[in-house]
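For reference, protein-v5.cif (mmCIF, N, CA and C atoms and all ligand atoms):
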data_upload
#
loop_
_atom_site.label_atom_id
_atom_site.label_comp_id
_atom_site.auth_asym_id
_atom_site.auth_seq_id
_atom_site.Cartn_x
_atom_site.Cartn_y
_atom_site.Cartn_z
N MET A 1 -48.91 204.14 7.04
CA MET A 1 -47.76 204.45 7.92
C MET A 1 -48.01 205.74 8.69
N ASP A 2 -47.61 205.76 9.94
CA ASP A 2 -47.73 207.01 10.69
C ASP A 2 -46.53 207.91 10.36
N PRO A 3 -46.63 209.16 10.72
CA PRO A 3 -45.57 210.13 10.36
C PRO A 3 -44.17 209.70 10.80
N THR A 4 -44.08 209.07 11.96
CA THR A 4 -42.75 208.67 12.44
C THR A 4 -42.15 207.61 11.52
N ALA A 5 -42.98 206.64 11.13
CA ALA A 5 -42.49 205.57 10.25
C ALA A 5 -42.06 206.14 8.90
N ILE A 6 -42.84 207.10 8.40
CA ILE A 6 -42.48 207.73 7.12
C ILE A 6 -41.15 208.47 7.27
N GLY A 7 -41.03 209.18 8.39
CA GLY A 7 -39.79 209.92 8.64
C GLY A 7 -38.58 209.01 8.69
N VAL A 8 -38.73 207.89 9.37
CA VAL A 8 -37.62 206.94 9.49
C VAL A 8 -37.27 206.35 8.11
N THR A 9 -38.31 206.04 7.35
CA THR A 9 -38.09 205.47 6.01
C THR A 9 -37.38 206.46 5.10
N VAL A 10 -37.88 207.69 5.08
CA VAL A 10 -37.27 208.72 4.25
C VAL A 10 -35.82 208.96 4.69
N GLY A 11 -35.65 209.01 6.00
CA GLY A 11 -34.29 209.22 6.53
C GLY A 11 -33.36 208.09 6.12
N GLY A 12 -33.87 206.86 6.20
CA GLY A 12 -33.04 205.71 5.84
C GLY A 12 -32.66 205.72 4.37
N VAL A 13 -33.61 206.08 3.53
CA VAL A 13 -33.34 206.13 2.09
C VAL A 13 -32.32 207.23 1.80
N ALA A 14 -32.52 208.39 2.44
CA ALA A 14 -31.59 209.50 2.23
C ALA A 14 -30.18 209.11 2.67
N LEU A 15 -30.10 208.40 3.79
CA LEU A 15 -28.80 207.97 4.30
C LEU A 15 -28.14 206.99 3.32
N ALA A 16 -28.94 206.06 2.81
CA ALA A 16 -28.40 205.07 1.86
C ALA A 16 -27.87 205.76 0.61
N ILE A 17 -28.64 206.73 0.11
CA ILE A 17 -28.20 207.47 -1.08
C ILE A 17 -26.91 208.23 -0.76
N GLY A 18 -26.90 208.87 0.41
CA GLY A 18 -25.72 209.64 0.80
C GLY A 18 -24.48 208.77 0.89
N VAL A 19 -24.63 207.59 1.49
CA VAL A 19 -23.49 206.68 1.63
C VAL A 19 -22.99 206.24 0.26
N ASN A 20 -23.94 205.94 -0.62
CA ASN A 20 -23.54 205.54 -1.98
C ASN A 20 -22.81 206.65 -2.71
N LEU A 21 -23.33 207.87 -2.59
CA LEU A 21 -22.67 208.99 -3.25
C LEU A 21 -21.27 209.19 -2.69
N TYR A 22 -21.18 209.08 -1.36
CA TYR A 22 -19.89 209.30 -0.71
C TYR A 22 -18.85 208.29 -1.22
N PHE A 23 -19.24 207.05 -1.32
CA PHE A 23 -18.26 206.02 -1.69
C PHE A 23 -18.03 205.87 -3.19
N PHE A 24 -19.07 206.16 -3.98
CA PHE A 24 -18.95 205.85 -5.40
C PHE A 24 -18.84 207.07 -6.29
N ALA A 25 -19.51 208.14 -5.93
CA ALA A 25 -19.54 209.29 -6.83
C ALA A 25 -18.17 209.92 -7.08
N PRO A 26 -17.35 210.16 -6.04
CA PRO A 26 -16.09 210.86 -6.32
C PRO A 26 -15.21 210.13 -7.31
N ARG A 27 -15.19 208.83 -7.23
CA ARG A 27 -14.30 208.08 -8.11
C ARG A 27 -14.91 207.88 -9.49
N ARG A 28 -16.20 208.07 -9.61
CA ARG A 28 -16.85 207.86 -10.90
C ARG A 28 -17.02 209.17 -11.67
N ALA A 29 -16.68 210.26 -11.03
CA ALA A 29 -16.83 211.53 -11.72
C ALA A 29 -15.82 211.59 -12.85
N ALA A 30 -16.31 211.80 -14.05
CA ALA A 30 -15.42 211.86 -15.20
C ALA A 30 -14.65 213.17 -15.20
N VAL A 31 -13.40 213.06 -15.55
CA VAL A 31 -12.60 214.26 -15.76
C VAL A 31 -12.54 214.50 -17.26
N VAL A 32 -12.92 215.68 -17.67
CA VAL A 32 -12.88 216.02 -19.09
C VAL A 32 -11.53 216.65 -19.39
N ALA A 33 -10.83 216.02 -20.32
CA ALA A 33 -9.52 216.53 -20.68
C ALA A 33 -9.65 217.87 -21.38
N PRO A 34 -8.83 218.84 -20.99
CA PRO A 34 -8.82 220.09 -21.74
C PRO A 34 -8.30 219.81 -23.15
N ALA A 35 -8.84 220.51 -24.12
CA ALA A 35 -8.44 220.29 -25.52
C ALA A 35 -7.74 221.54 -26.03
N PRO A 36 -6.44 221.62 -25.85
CA PRO A 36 -5.71 222.80 -26.30
C PRO A 36 -5.68 222.91 -27.83
N ALA A 37 -5.40 224.11 -28.32
CA ALA A 37 -5.36 224.33 -29.77
C ALA A 37 -4.30 223.47 -30.44
N SER A 38 -3.20 223.27 -29.74
CA SER A 38 -2.18 222.37 -30.26
C SER A 38 -1.68 221.51 -29.11
N GLY A 39 -1.10 220.38 -29.46
CA GLY A 39 -0.60 219.47 -28.43
C GLY A 39 -1.70 218.57 -27.92
N PRO A 40 -1.31 217.59 -27.12
CA PRO A 40 -2.26 216.57 -26.68
C PRO A 40 -3.22 217.05 -25.59
N GLN A 41 -4.33 216.36 -25.52
CA GLN A 41 -5.26 216.51 -24.40
C GLN A 41 -4.63 215.72 -23.26
N GLU A 42 -4.31 216.42 -22.19
CA GLU A 42 -3.56 215.74 -21.13
C GLU A 42 -4.36 215.64 -19.84
N VAL A 43 -4.30 214.45 -19.23
CA VAL A 43 -4.94 214.23 -17.93
C VAL A 43 -3.96 213.46 -17.06
N ARG A 44 -3.87 213.87 -15.81
CA ARG A 44 -3.03 213.15 -14.85
C ARG A 44 -3.90 212.16 -14.06
N ILE A 45 -3.37 210.98 -13.86
CA ILE A 45 -4.10 209.93 -13.14
C ILE A 45 -3.22 209.38 -12.03
N VAL A 46 -3.72 209.46 -10.81
CA VAL A 46 -3.00 208.89 -9.68
C VAL A 46 -3.35 207.42 -9.56
N VAL A 47 -2.34 206.60 -9.37
CA VAL A 47 -2.52 205.16 -9.23
C VAL A 47 -2.22 204.76 -7.80
N ARG A 48 -3.29 204.45 -7.08
CA ARG A 48 -3.13 204.01 -5.68
C ARG A 48 -4.44 203.34 -5.29
N ASP A 49 -4.43 202.05 -5.14
CA ASP A 49 -5.65 201.28 -4.89
C ASP A 49 -6.70 201.52 -5.97
N GLY A 50 -6.25 201.84 -7.14
CA GLY A 50 -7.18 202.15 -8.23
C GLY A 50 -6.67 203.35 -8.99
N TYR A 51 -7.53 203.86 -9.85
CA TYR A 51 -7.15 205.02 -10.67
C TYR A 51 -8.00 206.22 -10.28
N ALA A 52 -7.38 207.35 -10.10
CA ALA A 52 -8.10 208.57 -9.75
C ALA A 52 -7.62 209.72 -10.62
N PRO A 53 -8.43 210.21 -11.52
CA PRO A 53 -9.79 209.75 -11.81
C PRO A 53 -9.77 208.42 -12.54
N ASP A 54 -10.90 207.72 -12.51
CA ASP A 54 -10.96 206.45 -13.25
C ASP A 54 -11.85 206.56 -14.49
N VAL A 55 -12.40 207.74 -14.74
CA VAL A 55 -13.11 207.97 -16.00
C VAL A 55 -12.57 209.27 -16.59
N VAL A 56 -12.06 209.16 -17.79
CA VAL A 56 -11.45 210.31 -18.46
C VAL A 56 -12.17 210.51 -19.78
N GLU A 57 -12.60 211.74 -20.00
CA GLU A 57 -13.34 212.02 -21.23
C GLU A 57 -12.46 212.84 -22.17
N VAL A 58 -12.36 212.37 -23.41
CA VAL A 58 -11.51 213.06 -24.40
C VAL A 58 -12.25 213.20 -25.72
N ARG A 59 -11.67 213.99 -26.61
CA ARG A 59 -12.30 214.16 -27.93
C ARG A 59 -11.61 213.27 -28.95
N ALA A 60 -12.42 212.73 -29.84
CA ALA A 60 -11.90 211.87 -30.90
C ALA A 60 -11.06 212.68 -31.88
N GLY A 61 -10.09 212.00 -32.48
CA GLY A 61 -9.32 212.59 -33.57
C GLY A 61 -8.20 213.50 -33.14
N ARG A 62 -7.96 213.61 -31.85
CA ARG A 62 -6.87 214.45 -31.37
C ARG A 62 -6.04 213.66 -30.39
N PRO A 63 -4.73 213.92 -30.37
CA PRO A 63 -3.86 213.13 -29.50
C PRO A 63 -4.20 213.29 -28.02
N VAL A 64 -4.02 212.20 -27.29
CA VAL A 64 -4.28 212.16 -25.86
C VAL A 64 -3.01 211.74 -25.15
N ARG A 65 -2.76 212.37 -24.04
CA ARG A 65 -1.61 212.01 -23.22
C ARG A 65 -2.13 211.79 -21.80
N LEU A 66 -2.02 210.57 -21.33
CA LEU A 66 -2.38 210.26 -19.95
C LEU A 66 -1.10 210.11 -19.15
N VAL A 67 -1.00 210.88 -18.10
CA VAL A 67 0.20 210.82 -17.25
C VAL A 67 -0.17 210.10 -15.96
N PHE A 68 0.32 208.88 -15.85
CA PHE A 68 0.05 208.08 -14.65
C PHE A 68 1.12 208.37 -13.60
N HIS A 69 0.66 208.60 -12.39
CA HIS A 69 1.61 208.75 -11.28
C HIS A 69 1.28 207.67 -10.26
N ARG A 70 2.16 206.70 -10.16
CA ARG A 70 1.87 205.56 -9.30
C ARG A 70 2.44 205.79 -7.91
N GLU A 71 1.55 205.82 -6.94
CA GLU A 71 1.94 206.16 -5.57
C GLU A 71 1.90 204.93 -4.67
N GLU A 72 2.25 203.80 -5.21
CA GLU A 72 2.34 202.61 -4.39
C GLU A 72 3.42 201.71 -4.97
N VAL A 73 3.98 200.89 -4.12
CA VAL A 73 5.07 200.03 -4.56
C VAL A 73 4.54 198.62 -4.82
N ALA A 74 3.71 198.14 -3.88
CA ALA A 74 3.20 196.79 -4.01
C ALA A 74 2.01 196.75 -4.96
N GLY A 75 1.62 195.55 -5.30
CA GLY A 75 0.41 195.40 -6.09
C GLY A 75 0.71 195.31 -7.56
N CYS A 76 -0.30 194.89 -8.29
CA CYS A 76 -0.09 194.65 -9.70
C CYS A 76 -0.37 195.89 -10.54
N SER A 77 -0.51 197.04 -9.87
CA SER A 77 -0.72 198.27 -10.64
C SER A 77 0.57 198.72 -11.33
N ASP A 78 1.59 197.89 -11.28
CA ASP A 78 2.85 198.28 -11.93
C ASP A 78 2.79 198.23 -13.45
N THR A 79 1.69 197.74 -13.97
CA THR A 79 1.51 197.75 -15.42
C THR A 79 0.11 198.25 -15.73
N VAL A 80 0.02 199.13 -16.71
CA VAL A 80 -1.31 199.56 -17.15
C VAL A 80 -1.50 199.12 -18.60
N LEU A 81 -2.69 198.63 -18.89
CA LEU A 81 -3.02 198.15 -20.23
C LEU A 81 -4.12 199.02 -20.83
N LEU A 82 -3.88 199.47 -22.06
CA LEU A 82 -4.94 200.13 -22.83
C LEU A 82 -5.05 199.35 -24.14
N PRO A 83 -5.76 198.24 -24.09
CA PRO A 83 -5.77 197.32 -25.24
C PRO A 83 -6.29 197.95 -26.53
N ALA A 84 -7.18 198.93 -26.41
CA ALA A 84 -7.75 199.54 -27.62
C ALA A 84 -6.67 200.19 -28.47
N TRP A 85 -5.58 200.59 -27.81
CA TRP A 85 -4.51 201.26 -28.54
C TRP A 85 -3.20 200.46 -28.48
N GLY A 86 -3.33 199.20 -28.09
CA GLY A 86 -2.17 198.32 -28.07
C GLY A 86 -1.09 198.74 -27.09
N ILE A 87 -1.51 199.37 -25.99
CA ILE A 87 -0.51 199.88 -25.03
C ILE A 87 -0.41 198.96 -23.82
N THR A 88 0.82 198.57 -23.52
CA THR A 88 1.16 197.89 -22.28
C THR A 88 2.33 198.67 -21.70
N GLN A 89 2.10 199.35 -20.59
CA GLN A 89 3.13 200.25 -20.09
C GLN A 89 3.45 199.96 -18.62
N ARG A 90 4.72 199.82 -18.33
CA ARG A 90 5.14 199.67 -16.93
C ARG A 90 5.02 201.02 -16.24
N LEU A 91 4.64 201.01 -14.98
CA LEU A 91 4.52 202.24 -14.20
C LEU A 91 5.42 202.15 -12.97
N PRO A 92 6.65 202.61 -13.08
CA PRO A 92 7.53 202.60 -11.91
C PRO A 92 6.91 203.44 -10.78
N ALA A 93 7.15 203.05 -9.53
CA ALA A 93 6.57 203.77 -8.40
C ALA A 93 7.13 205.18 -8.28
N ASP A 94 6.29 206.06 -7.78
CA ASP A 94 6.69 207.42 -7.43
C ASP A 94 7.23 208.24 -8.58
N GLN A 95 6.71 207.99 -9.76
CA GLN A 95 7.11 208.86 -10.86
C GLN A 95 6.01 208.94 -11.91
N ASP A 96 6.14 209.95 -12.76
CA ASP A 96 5.19 210.12 -13.85
C ASP A 96 5.57 209.21 -15.01
N THR A 97 4.59 208.56 -15.58
CA THR A 97 4.79 207.79 -16.80
C THR A 97 3.66 208.14 -17.76
N ALA A 98 4.03 208.64 -18.92
CA ALA A 98 3.00 209.06 -19.87
C ALA A 98 2.75 208.00 -20.92
N VAL A 99 1.49 207.87 -21.32
CA VAL A 99 1.16 207.08 -22.50
C VAL A 99 0.41 208.02 -23.45
N GLU A 100 0.66 207.83 -24.74
CA GLU A 100 0.03 208.70 -25.72
C GLU A 100 -0.62 207.87 -26.82
N PHE A 101 -1.76 208.34 -27.26
CA PHE A 101 -2.47 207.67 -28.35
C PHE A 101 -3.46 208.68 -28.92
N THR A 102 -3.99 208.35 -30.08
CA THR A 102 -5.00 209.22 -30.70
C THR A 102 -6.25 208.39 -30.95
N PRO A 103 -7.28 208.62 -30.14
CA PRO A 103 -8.53 207.85 -30.33
C PRO A 103 -9.29 208.39 -31.53
N MET A 104 -9.66 207.52 -32.42
CA MET A 104 -10.34 207.97 -33.63
C MET A 104 -11.85 207.72 -33.59
N THR A 105 -12.29 206.77 -32.78
CA THR A 105 -13.69 206.37 -32.80
C THR A 105 -14.35 206.60 -31.45
N PRO A 106 -15.43 207.37 -31.42
CA PRO A 106 -16.13 207.59 -30.16
C PRO A 106 -16.56 206.26 -29.52
N GLY A 107 -16.52 206.21 -28.21
CA GLY A 107 -16.91 205.01 -27.50
C GLY A 107 -16.28 205.01 -26.13
N GLU A 108 -16.40 203.88 -25.45
CA GLU A 108 -15.82 203.75 -24.12
C GLU A 108 -14.78 202.65 -24.15
N TYR A 109 -13.59 202.97 -23.70
CA TYR A 109 -12.47 202.04 -23.79
C TYR A 109 -11.86 201.86 -22.41
N GLU A 110 -11.74 200.62 -22.00
CA GLU A 110 -11.26 200.33 -20.66
C GLU A 110 -9.74 200.37 -20.58
N PHE A 111 -9.25 200.80 -19.43
CA PHE A 111 -7.85 200.54 -19.13
C PHE A 111 -7.79 199.82 -17.79
N THR A 112 -6.81 198.94 -17.65
CA THR A 112 -6.76 198.08 -16.46
C THR A 112 -5.31 197.89 -16.03
N CYS A 113 -5.17 197.33 -14.83
CA CYS A 113 -3.86 196.90 -14.40
C CYS A 113 -3.52 195.59 -15.13
N GLY A 114 -2.33 195.08 -14.86
CA GLY A 114 -1.87 193.90 -15.58
C GLY A 114 -2.75 192.69 -15.41
N MET A 115 -3.46 192.61 -14.28
CA MET A 115 -4.30 191.44 -14.03
C MET A 115 -5.78 191.79 -14.11
N HIS A 116 -6.09 192.94 -14.66
CA HIS A 116 -7.48 193.35 -14.91
C HIS A 116 -8.30 193.52 -13.64
N MET A 117 -7.64 193.85 -12.54
CA MET A 117 -8.41 194.05 -11.30
C MET A 117 -8.76 195.51 -11.11
N LEU A 118 -7.80 196.38 -11.38
CA LEU A 118 -8.08 197.81 -11.29
C LEU A 118 -8.57 198.25 -12.66
N ARG A 119 -9.62 199.05 -12.67
CA ARG A 119 -10.21 199.42 -13.95
C ARG A 119 -10.52 200.92 -14.03
N GLY A 120 -10.37 201.40 -15.23
CA GLY A 120 -10.80 202.76 -15.52
C GLY A 120 -11.25 202.78 -16.96
N LYS A 121 -11.75 203.94 -17.40
CA LYS A 121 -12.12 203.96 -18.81
C LYS A 121 -11.90 205.33 -19.42
N VAL A 122 -11.62 205.29 -20.69
CA VAL A 122 -11.50 206.49 -21.50
C VAL A 122 -12.79 206.60 -22.31
N VAL A 123 -13.48 207.69 -22.12
CA VAL A 123 -14.70 207.94 -22.88
C VAL A 123 -14.32 208.89 -24.01
N VAL A 124 -14.47 208.41 -25.22
CA VAL A 124 -14.11 209.20 -26.40
C VAL A 124 -15.38 209.78 -27.02
N ARG A 125 -15.40 211.11 -27.16
CA ARG A 125 -16.60 211.77 -27.71
C ARG A 125 -16.32 212.46 -29.01
CU CU B 201 -4.11 194.13 -10.88
#
Would you write out, as structure tokens, the structure that this file holds?
Amino acid sequence: MDPTAIGVTVGGVALAIGVNLYFFAPRRAAVVAPAPASGPQEVRIVVRDGYAPDVVEVRAGRPVRLVFHREEVAGCSDTVLLPAWGITQRLPADQDTAVEFTPMTPGEYEFTCGMHMLRGKVVVR
């Protein structure tokens, strides 16, 4: 390959990586819940065309409180399911709704909307 072809190839690859980072990285960045000396590890999650953040990292053996704030009226995001902890919770629009549980076993646990289209996960460490 001549230098121009190499330049175009490298540029194209860099652009592809950049586009992927732009679209996927922000939503995949895990938020690590602060672990206070007492009280639950709390994380706020905005619900609008998905969950933001959609990956939440918490510590095992301590209570967790996820506060969902649903910023949309339509769609099936009106219910969130955390099957690992037997939680099915309605999320009224434009307000905070908290769910609480205590994860005991490290692993990755999915949470979804009522029809399993919107997805997020709790990473327990
Ligand atoms: Cu859904």
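What separates atom CA of Cys76 of chain A from atom CA of Val32 of chain A is a distance of 26.6 Å.
Taking only C-alpha atoms and all ligand atoms into account, ligand CU 201 (chain B) lies nearest to A:Thr112 out of the set A:Thr102, A:Thr112, A:Thr97, A:Thr88.
If you count only C-alpha atoms and draw a sphere of 9 Å around (7.3, 203.2, -14.9), the protein and nucleic acid residues inside it come out as Phe68, His69, Arg70, Asp78, Thr79, Gln89, Arg90, Leu91, Pro92, Ala93, Asp94, Gln95, Asp96, Thr97 and Ala98 of chain A.
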Now that the selection is made, can you save its residues with N, CA and C atoms as an mmCIF file, in the frame of the given file?
data_model
loop_
_atom_site.group_PDB
_atom_site.id
_atom_site.type_symbol
_atom_site.label_atom_id
_atom_site.label_comp_id
_atom_site.auth_asym_id
_atom_site.auth_seq_id
_atom_site.Cartn_x
_atom_site.Cartn_y
_atom_site.Cartn_z
ATOM 1 N N PHE A 68 0.320 208.880 -15.850
ATOM 2 C CA PHE A 68 0.050 208.080 -14.650
ATOM 3 C C PHE A 68 1.120 208.370 -13.600
ATOM 4 N N HIS A 69 0.660 208.600 -12.390
ATOM 5 C CA HIS A 69 1.610 208.750 -11.280
ATOM 6 C C HIS A 69 1.280 207.670 -10.260
ATOM 7 N N ARG A 70 2.160 206.700 -10.160
ATOM 8 C CA ARG A 70 1.870 205.560 -9.300
ATOM 9 C C ARG A 70 2.440 205.790 -7.910
ATOM 10 N N ASP A 78 1.590 197.890 -11.280
ATOM 11 C CA ASP A 78 2.850 198.280 -11.930
ATOM 12 C C ASP A 78 2.790 198.230 -13.450
ATOM 13 N N THR A 79 1.690 197.740 -13.970
ATOM 14 C CA THR A 79 1.510 197.750 -15.420
ATOM 15 C C THR A 79 0.110 198.250 -15.730
ATOM 16 N N GLN A 89 2.100 199.350 -20.590
ATOM 17 C CA GLN A 89 3.130 200.250 -20.090
ATOM 18 C C GLN A 89 3.450 199.960 -18.620
ATOM 19 N N ARG A 90 4.720 199.820 -18.330
ATOM 20 C CA ARG A 90 5.140 199.670 -16.930
ATOM 21 C C ARG A 90 5.020 201.020 -16.240
ATOM 22 N N LEU A 91 4.640 201.010 -14.980
ATOM 23 C CA LEU A 91 4.520 202.240 -14.200
ATOM 24 C C LEU A 91 5.420 202.150 -12.970
ATOM 25 N N PRO A 92 6.650 202.610 -13.080
ATOM 26 C CA PRO A 92 7.530 202.600 -11.910
ATOM 27 C C PRO A 92 6.910 203.440 -10.780
ATOM 28 N N ALA A 93 7.150 203.050 -9.530
ATOM 29 C CA ALA A 93 6.570 203.770 -8.400
ATOM 30 C C ALA A 93 7.130 205.180 -8.280
ATOM 31 N N ASP A 94 6.290 206.060 -7.780
ATOM 32 C CA ASP A 94 6.690 207.420 -7.430
ATOM 33 C C ASP A 94 7.230 208.240 -8.580
ATOM 34 N N GLN A 95 6.710 207.990 -9.760
ATOM 35 C CA GLN A 95 7.110 208.860 -10.860
ATOM 36 C C GLN A 95 6.010 208.940 -11.910
ATOM 37 N N ASP A 96 6.140 209.950 -12.760
ATOM 38 C CA ASP A 96 5.190 210.120 -13.850
ATOM 39 C C ASP A 96 5.570 209.210 -15.010
ATOM 40 N N THR A 97 4.590 208.560 -15.580
ATOM 41 C CA THR A 97 4.790 207.790 -16.800
ATOM 42 C C THR A 97 3.660 208.140 -17.760
ATOM 43 N N ALA A 98 4.030 208.640 -18.920
ATOM 44 C CA ALA A 98 3.000 209.060 -19.870
ATOM 45 C C ALA A 98 2.750 208.000 -20.920
#
**OP:** Pick out the residues sitting within 7 Å of Ala30 of chain A, and hand them over as a list in words; count all atoms listed in the file, and ignore anything fewer than 5 positions along from it in its own chain.
**Re:** Pro53, Asp54, Val55, Val56 and Glu57 of chain A
Subject >> Distance in Å - atom N of Val64 of chain A versus atom C of Phe111 of chain A >> reply: 16.1 Å
Original post:
Which one is closest to Arg65 of chain A: A:Val123, A:Val80, A:Ile45, A:Asp2? Count only C-alpha atoms.
Top reply: A:Ile45
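The gap separating atom CA of Gly107 of chain A from atom CA of Gly50 of chain A is 21.8 Å, in Å to one decimal.
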**OP:** Taking only C-alpha atoms and all ligand atoms into account, report as a ChimeraX atom specification which residues have an atom no farther than 6 Å from an atom of ligand CU 201 (chain B).
**Re:** /A:76-77,113-118
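Distance check against Ala60 of chain A using all atoms listed in the file: of A:Ala29, A:Ala35, A:Met104, A:Val122, the minimum falls on A:Met104.
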Find the spatial neighbours of Glu110 of chain A, counting all atoms listed in the file, within a cut-off of 8 Å - ignore same-chain residues fewer than 6 positions away - and output them as an mmCIF file with N, CA and C atoms, keeping the file's coordinate frame.
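What ended up in selection.cif:
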data_model
loop_
_atom_site.group_PDB
_atom_site.id
_atom_site.type_symbol
_atom_site.label_atom_id
_atom_site.label_comp_id
_atom_site.auth_asym_id
_atom_site.auth_seq_id
_atom_site.Cartn_x
_atom_site.Cartn_y
_atom_site.Cartn_z
ATOM 1 N N LEU A 81 -2.690 198.630 -18.890
ATOM 2 C CA LEU A 81 -3.020 198.150 -20.230
ATOM 3 C C LEU A 81 -4.120 199.020 -20.830
ATOM 4 N N LEU A 82 -3.880 199.470 -22.060
ATOM 5 C CA LEU A 82 -4.940 200.130 -22.830
ATOM 6 C C LEU A 82 -5.050 199.350 -24.140
ATOM 7 N N PRO A 83 -5.760 198.240 -24.090
ATOM 8 C CA PRO A 83 -5.770 197.320 -25.240
ATOM 9 C C PRO A 83 -6.290 197.950 -26.530
ATOM 10 N N ALA A 84 -7.180 198.930 -26.410
ATOM 11 C CA ALA A 84 -7.750 199.540 -27.620
ATOM 12 C C ALA A 84 -6.670 200.190 -28.470
ATOM 13 N N ARG A 119 -9.620 199.050 -12.670
ATOM 14 C CA ARG A 119 -10.210 199.420 -13.950
ATOM 15 C C ARG A 119 -10.520 200.920 -14.030
ATOM 16 N N GLY A 120 -10.370 201.400 -15.230
ATOM 17 C CA GLY A 120 -10.800 202.760 -15.520
ATOM 18 C C GLY A 120 -11.250 202.780 -16.960
ATOM 19 N N LYS A 121 -11.750 203.940 -17.400
ATOM 20 C CA LYS A 121 -12.120 203.960 -18.810
ATOM 21 C C LYS A 121 -11.900 205.330 -19.420
ATOM 22 N N VAL A 122 -11.620 205.290 -20.690
ATOM 23 C CA VAL A 122 -11.500 206.490 -21.500
ATOM 24 C C VAL A 122 -12.790 206.600 -22.310
ATOM 25 N N VAL A 123 -13.480 207.690 -22.120
ATOM 26 C CA VAL A 123 -14.700 207.940 -22.880
ATOM 27 C C VAL A 123 -14.320 208.890 -24.010
#
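Distance annotation: of A:Gly75, A:Pro106, A:Gly86, A:Pro63, the residue with the minimal separation from Glu42 of chain A is A:Pro63; atom set is all atoms listed in the file.
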Original post:
as a ChimeraX atom specification, which residues of segment 21-111 of chain A does DSSP assign to strand (DSSP E or B)?
Top reply: /A:31-32,41-47,51-52,55-58,64-70,79-82,87-90,96-101,107-111
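Each of A:Val67, A:Ala37, A:Val73, A:Val124 was checked against Glu100 of chain A using all atoms listed in the file; the smallest atom-to-atom distance is that of A:Val67.
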Enclose all atoms of segment 115-119 of chain A listed in the file in an axis-aligned box, grow every side by 4 Å, and hand back centre and edge lengths in Å to one decimal, as JSON.
{"center_x": -7.0, "center_y": 196.2, "center_z": -13.0, "size_x": 15.1, "size_y": 17.5, "size_z": 11.8}
